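J.: Take a look at the following structure, please.
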Amino acid sequence: MALTAVVRIPTRALLRPWARLRDSALGWMEPVGGVEVSTQRFGSQRVLVEPASAAGVAVMTFKNPPVNSLSLELLTELVINLEKLENDKTFRGVVLTSDCPGIFSAGLDLTEICGRNPAHYAEYWKAVQEMWLRLYLSNLMLVAAINGACPAGGCLMSLTCDYRVMADNPKYAIGLNETLLGIVAPFWFKDTLVNTIGHRASERALQLGLLFPPTEALQVGMVDRLVPEDQVQSTALSVLAQWMAIPDHARQLTKNMMRKPTADGLLKKRDEDIQNFVSFISRDSIQKSLQMYLAKLRQKKG
Ligand SMILES: CCCCCCC/C=C/C(=O)SCCNC(=O)CCNC(=O)[C@H](O)C(C)(C)COP(=O)(O)OP(=O)(O)OC[C@H]1O[C@@H](n2cnc3c(N)ncnc32)[C@H](O)[C@@H]1OP(=O)(O)O
């Protein structure tokens, strides 16, 4: 891939993302008798965080209607809230789920990667990398409660979790469908998939941009369990309860041992990956493909 575009990569946003967002996590920690304890509900506009009834567990719900596309704002809020959970030692496990009926996440926000300028593409891609790195290397136990469609970046987000529970509804599908949009899943998307379903299945799934209905997703190992739609979250919570029985220290070191080499692949060349993305996404032919895809999505209603 030609590396032609050279862009300044803004670091302001993601080094201290909270500096550019009004932090609406009111009541996150309140001093009680000199001890900090978690209060009932926190989070931000697009990412709600609620402690579950089981001690040590939180539910993180994405609320970015209509389709939970991964806008720059949603990505930033996700990282902020995850960091808060990581820092609050009362939490050991998190369920990730969606507030948008029938949709877990539509993946990257196409309006962030279409018709913008190179500096914006760079800032956005850095946020996507950050989301992946933070989730993939999280010390917390993460369980995805996939209660709807889960294409591309939505699928990637779920693949960073330690376990995936999906609604058994044939209307929903999950997969890395990038090639259908005329774009290429980057190597770290590919690595995450290979680590989950193996090389041969990934090769086929990535080339064909396969979106697997739940039964096939279970067969190929992309999800771990299918349950009726109204039991997705409760099942995710009961899976977490089982994982909580494992001593944290041993589990965390094991997770890190399994995942760090993959994460290092990106950590070693983050800037190069951003330059690659910007130069690829700025091509006229790629912008045309994305515009046509967006237009098709928008026409569906008409
Ligand atoms: C080296 C370079 C590498 C480049 C790598 C780039 C990696 C990219 C990863 C990605 O994630 S790209 C995004 C891929 N996502 C998709 O293909 C999903 C597209 N969306 C859908 O299939 C459907 O919307 C849905 C999620 C199945 C939901 O269907 P539903 O019928 O319920 O809703 P819609 O009417 O289709 O959509 C409502 C509304 O939302 C807009 N929209 C949908 N998806 C996106 C999106 N990803 N980004 C931005 N906007 C999206 C859609 O256009 C509709 O808008 P309006 O018509 O209401 O304006």
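Here, A, B, ... name the chains of the structure tokens in the order displayed, residue numbers run from 1 inside each chain, and ligands are numbered from 1 in the same displayed order.
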Please identify every polymer residue within 7 Å of ligand 1, using only C-alpha atoms and all ligand atoms, and present the set as a CSV table (one decimal) with N, CA and C atoms, in the first residue's frame.
T.:
chain,number,residue,atom,x,y,z
A,66,PRO,N,-29.1,6.2,15.9
A,66,PRO,CA,-30.0,5.0,15.8
A,66,PRO,C,-29.3,3.7,15.8
A,67,VAL,N,-27.9,3.6,15.5
A,67,VAL,CA,-27.3,2.3,15.3
A,67,VAL,C,-26.1,2.1,16.1
A,69,SER,N,-23.3,3.6,16.0
A,69,SER,CA,-22.1,3.7,15.2
A,69,SER,C,-21.0,4.2,16.1
A,102,GLY,N,-32.3,-4.1,18.6
A,102,GLY,CA,-31.9,-4.9,17.4
A,102,GLY,C,-30.5,-4.6,16.9
A,103,ILE,N,-29.8,-3.7,17.5
A,103,ILE,CA,-28.4,-3.4,17.0
A,103,ILE,C,-27.4,-3.3,18.2
A,105,SER,N,-23.9,-2.8,17.5
A,105,SER,CA,-23.2,-1.6,17.0
A,105,SER,C,-23.1,-1.8,15.5
A,106,ALA,N,-23.3,-0.7,14.7
A,106,ALA,CA,-23.1,-0.8,13.3
A,106,ALA,C,-21.7,-0.6,12.9
A,107,GLY,N,-20.8,-0.6,13.8
A,107,GLY,CA,-19.3,-0.5,13.5
A,107,GLY,C,-18.9,0.9,13.4
A,108,LEU,N,-17.8,1.1,12.7
A,108,LEU,CA,-17.2,2.5,12.6
A,108,LEU,C,-18.3,3.4,12.0
A,109,ASP,N,-18.3,4.7,12.5
A,109,ASP,CA,-19.2,5.6,12.0
A,109,ASP,C,-18.7,6.1,10.6
A,110,LEU,N,-19.5,5.7,9.6
A,110,LEU,CA,-19.0,6.0,8.2
A,110,LEU,C,-18.9,7.5,7.9
A,111,THR,N,-19.7,8.3,8.7
A,111,THR,CA,-19.6,9.7,8.4
A,111,THR,C,-18.2,10.3,9.0
A,149,ALA,N,-27.6,-6.7,15.6
A,149,ALA,CA,-26.7,-6.7,14.5
A,149,ALA,C,-25.3,-6.3,15.0
A,151,PRO,N,-22.0,-5.8,12.9
A,151,PRO,CA,-21.0,-5.9,11.8
A,151,PRO,C,-19.7,-5.1,12.1
A,152,ALA,N,-18.7,-5.5,11.3
A,152,ALA,CA,-17.4,-4.7,11.2
A,152,ALA,C,-16.9,-4.3,12.6
A,153,GLY,N,-16.7,-3.0,12.8
A,153,GLY,CA,-16.2,-2.4,14.0
A,153,GLY,C,-17.0,-2.9,15.3
A,154,GLY,N,-18.2,-3.2,15.1
A,154,GLY,CA,-19.0,-3.7,16.2
A,154,GLY,C,-18.6,-5.1,16.6
A,177,ASN,N,-17.2,-7.4,7.8
A,177,ASN,CA,-17.7,-7.4,6.4
A,177,ASN,C,-17.1,-6.3,5.6
A,178,GLU,N,-15.9,-5.9,6.0
A,178,GLU,CA,-15.2,-4.7,5.4
A,178,GLU,C,-15.1,-4.8,3.8
A,181,LEU,N,-17.7,-3.4,1.6
A,181,LEU,CA,-17.7,-1.9,1.5
A,181,LEU,C,-16.5,-1.5,0.6
A,183,ILE,N,-13.4,-1.9,1.4
A,183,ILE,CA,-12.3,-1.6,2.2
A,183,ILE,C,-11.7,-2.9,2.8
A,184,VAL,N,-10.5,-2.7,3.5
A,184,VAL,CA,-9.8,-3.9,3.9
A,184,VAL,C,-9.6,-3.8,5.4
A,185,ALA,N,-10.0,-4.9,6.1
A,185,ALA,CA,-9.8,-4.9,7.6
A,185,ALA,C,-8.3,-4.8,7.9
A,186,PRO,N,-7.9,-3.9,8.7
A,186,PRO,CA,-6.4,-3.8,9.0
A,186,PRO,C,-5.9,-5.1,9.8
A,276,ASN,N,-1.0,4.8,7.2
A,276,ASN,CA,-1.6,3.8,6.2
A,276,ASN,C,-3.1,4.0,6.0
A,277,PHE,N,-3.8,4.2,7.2
A,277,PHE,CA,-5.2,4.3,7.1
A,277,PHE,C,-5.6,5.6,6.4
A,280,PHE,N,-5.0,5.4,2.7
A,280,PHE,CA,-6.0,4.5,2.0
A,280,PHE,C,-7.3,5.1,2.0
A,281,ILE,N,-7.8,5.6,3.1
A,281,ILE,CA,-9.2,6.1,3.1
A,281,ILE,C,-9.3,7.4,2.3
A,294,LEU,N,-23.0,4.3,1.8
A,294,LEU,CA,-23.8,5.1,2.7
A,294,LEU,C,-25.1,5.5,2.0
A,297,LEU,N,-27.4,2.6,2.1
A,297,LEU,CA,-28.0,2.5,3.5
A,297,LEU,C,-29.2,3.5,3.7
A,298,ARG,N,-28.9,4.7,3.2
A,298,ARG,CA,-29.9,5.8,3.4
A,298,ARG,C,-31.1,5.5,2.5
A,299,GLN,N,-30.9,5.0,1.3
A,299,GLN,CA,-32.0,4.7,0.3
A,299,GLN,C,-33.0,3.7,0.8
A,300,LYS,N,-32.4,2.7,1.6
A,300,LYS,CA,-33.2,1.6,2.1
A,300,LYS,C,-34.6,2.0,2.5
A,301,LYS,N,-34.7,3.1,3.2
A,301,LYS,CA,-35.9,3.6,3.8
A,301,LYS,C,-36.9,4.1,2.7
J.: Can you check which residues of stretch 88-218 of chain A DSSP gives as strand (DSSP E or B) on the backbone and send them as a list in words?
T.: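 Selection result, strand (DSSP E or B) within stretch 88-218 of chain A: Gly93, Val94, Val95, Leu96, Thr97, Ser98, Gly102, Ile103, Leu108, Met141, Leu142, Val143, Ala144, Ala145, Ile146, Gly148, Ala149, Cys150, Pro151, Tyr163, Arg164, Val165, Met166, Ala167, Ile174, Gly175 and Phe212 of chain A.
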J.: Looking only at helix (DSSP H, G or I) from DSSP on the backbone, list the matching residues of stretch 88-131 of chain A as a list in words.
T.: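 Those residues are Leu110, Thr111, Glu112, Pro118, Ala119, His120, Tyr121, Ala122, Glu123, Tyr124, Trp125, Lys126, Ala127, Val128, Gln129, Glu130 and Met131 of chain A.
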J.: Which residues are near A:Thr160? Cut-off 10 Å, only C-alpha atoms, ignore same chain within fewer than 5 positions. Put them as a list in words.
T.: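 Result of the neighbour search: Met131, Trp132, Leu133, Arg134, Leu135, Tyr136, Leu137, Ser138, Leu142, Val143, Ala144, Cys155, Phe189, Thr192, Leu193, Thr196 and Arg259 of chain A.
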J.: Write out as a ChimeraX atom specification each polymer residue whose atoms come within 9 Å of stretch 245-251 of chain A, counting only C-alpha atoms; drop sequence neighbours fewer than 6 positions from it.
T.: /A:92,139-140
J.: Write out as a count of residues only each polymer residue whose atoms come within 9 Å of A:Lys190, counting only C-alpha atoms; drop sequence neighbours fewer than 6 positions from it.
T.: 4
J.: Measuring atom to atom with only C-alpha atoms, identify which of A:Ile80, A:Cys114, A:Leu180, A:Ala173 is nearest to A:Gln207.
T.: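 Closest residue, counting only C-alpha atoms: A:Leu180.
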J.: Let me make sure I understand: among A:Pro213, A:Lys255, A:Val94, A:Ala201, which one has the smallest atom-to-atom distance to A:Ser238 if we use only C-alpha atoms?
T.: A:Val94
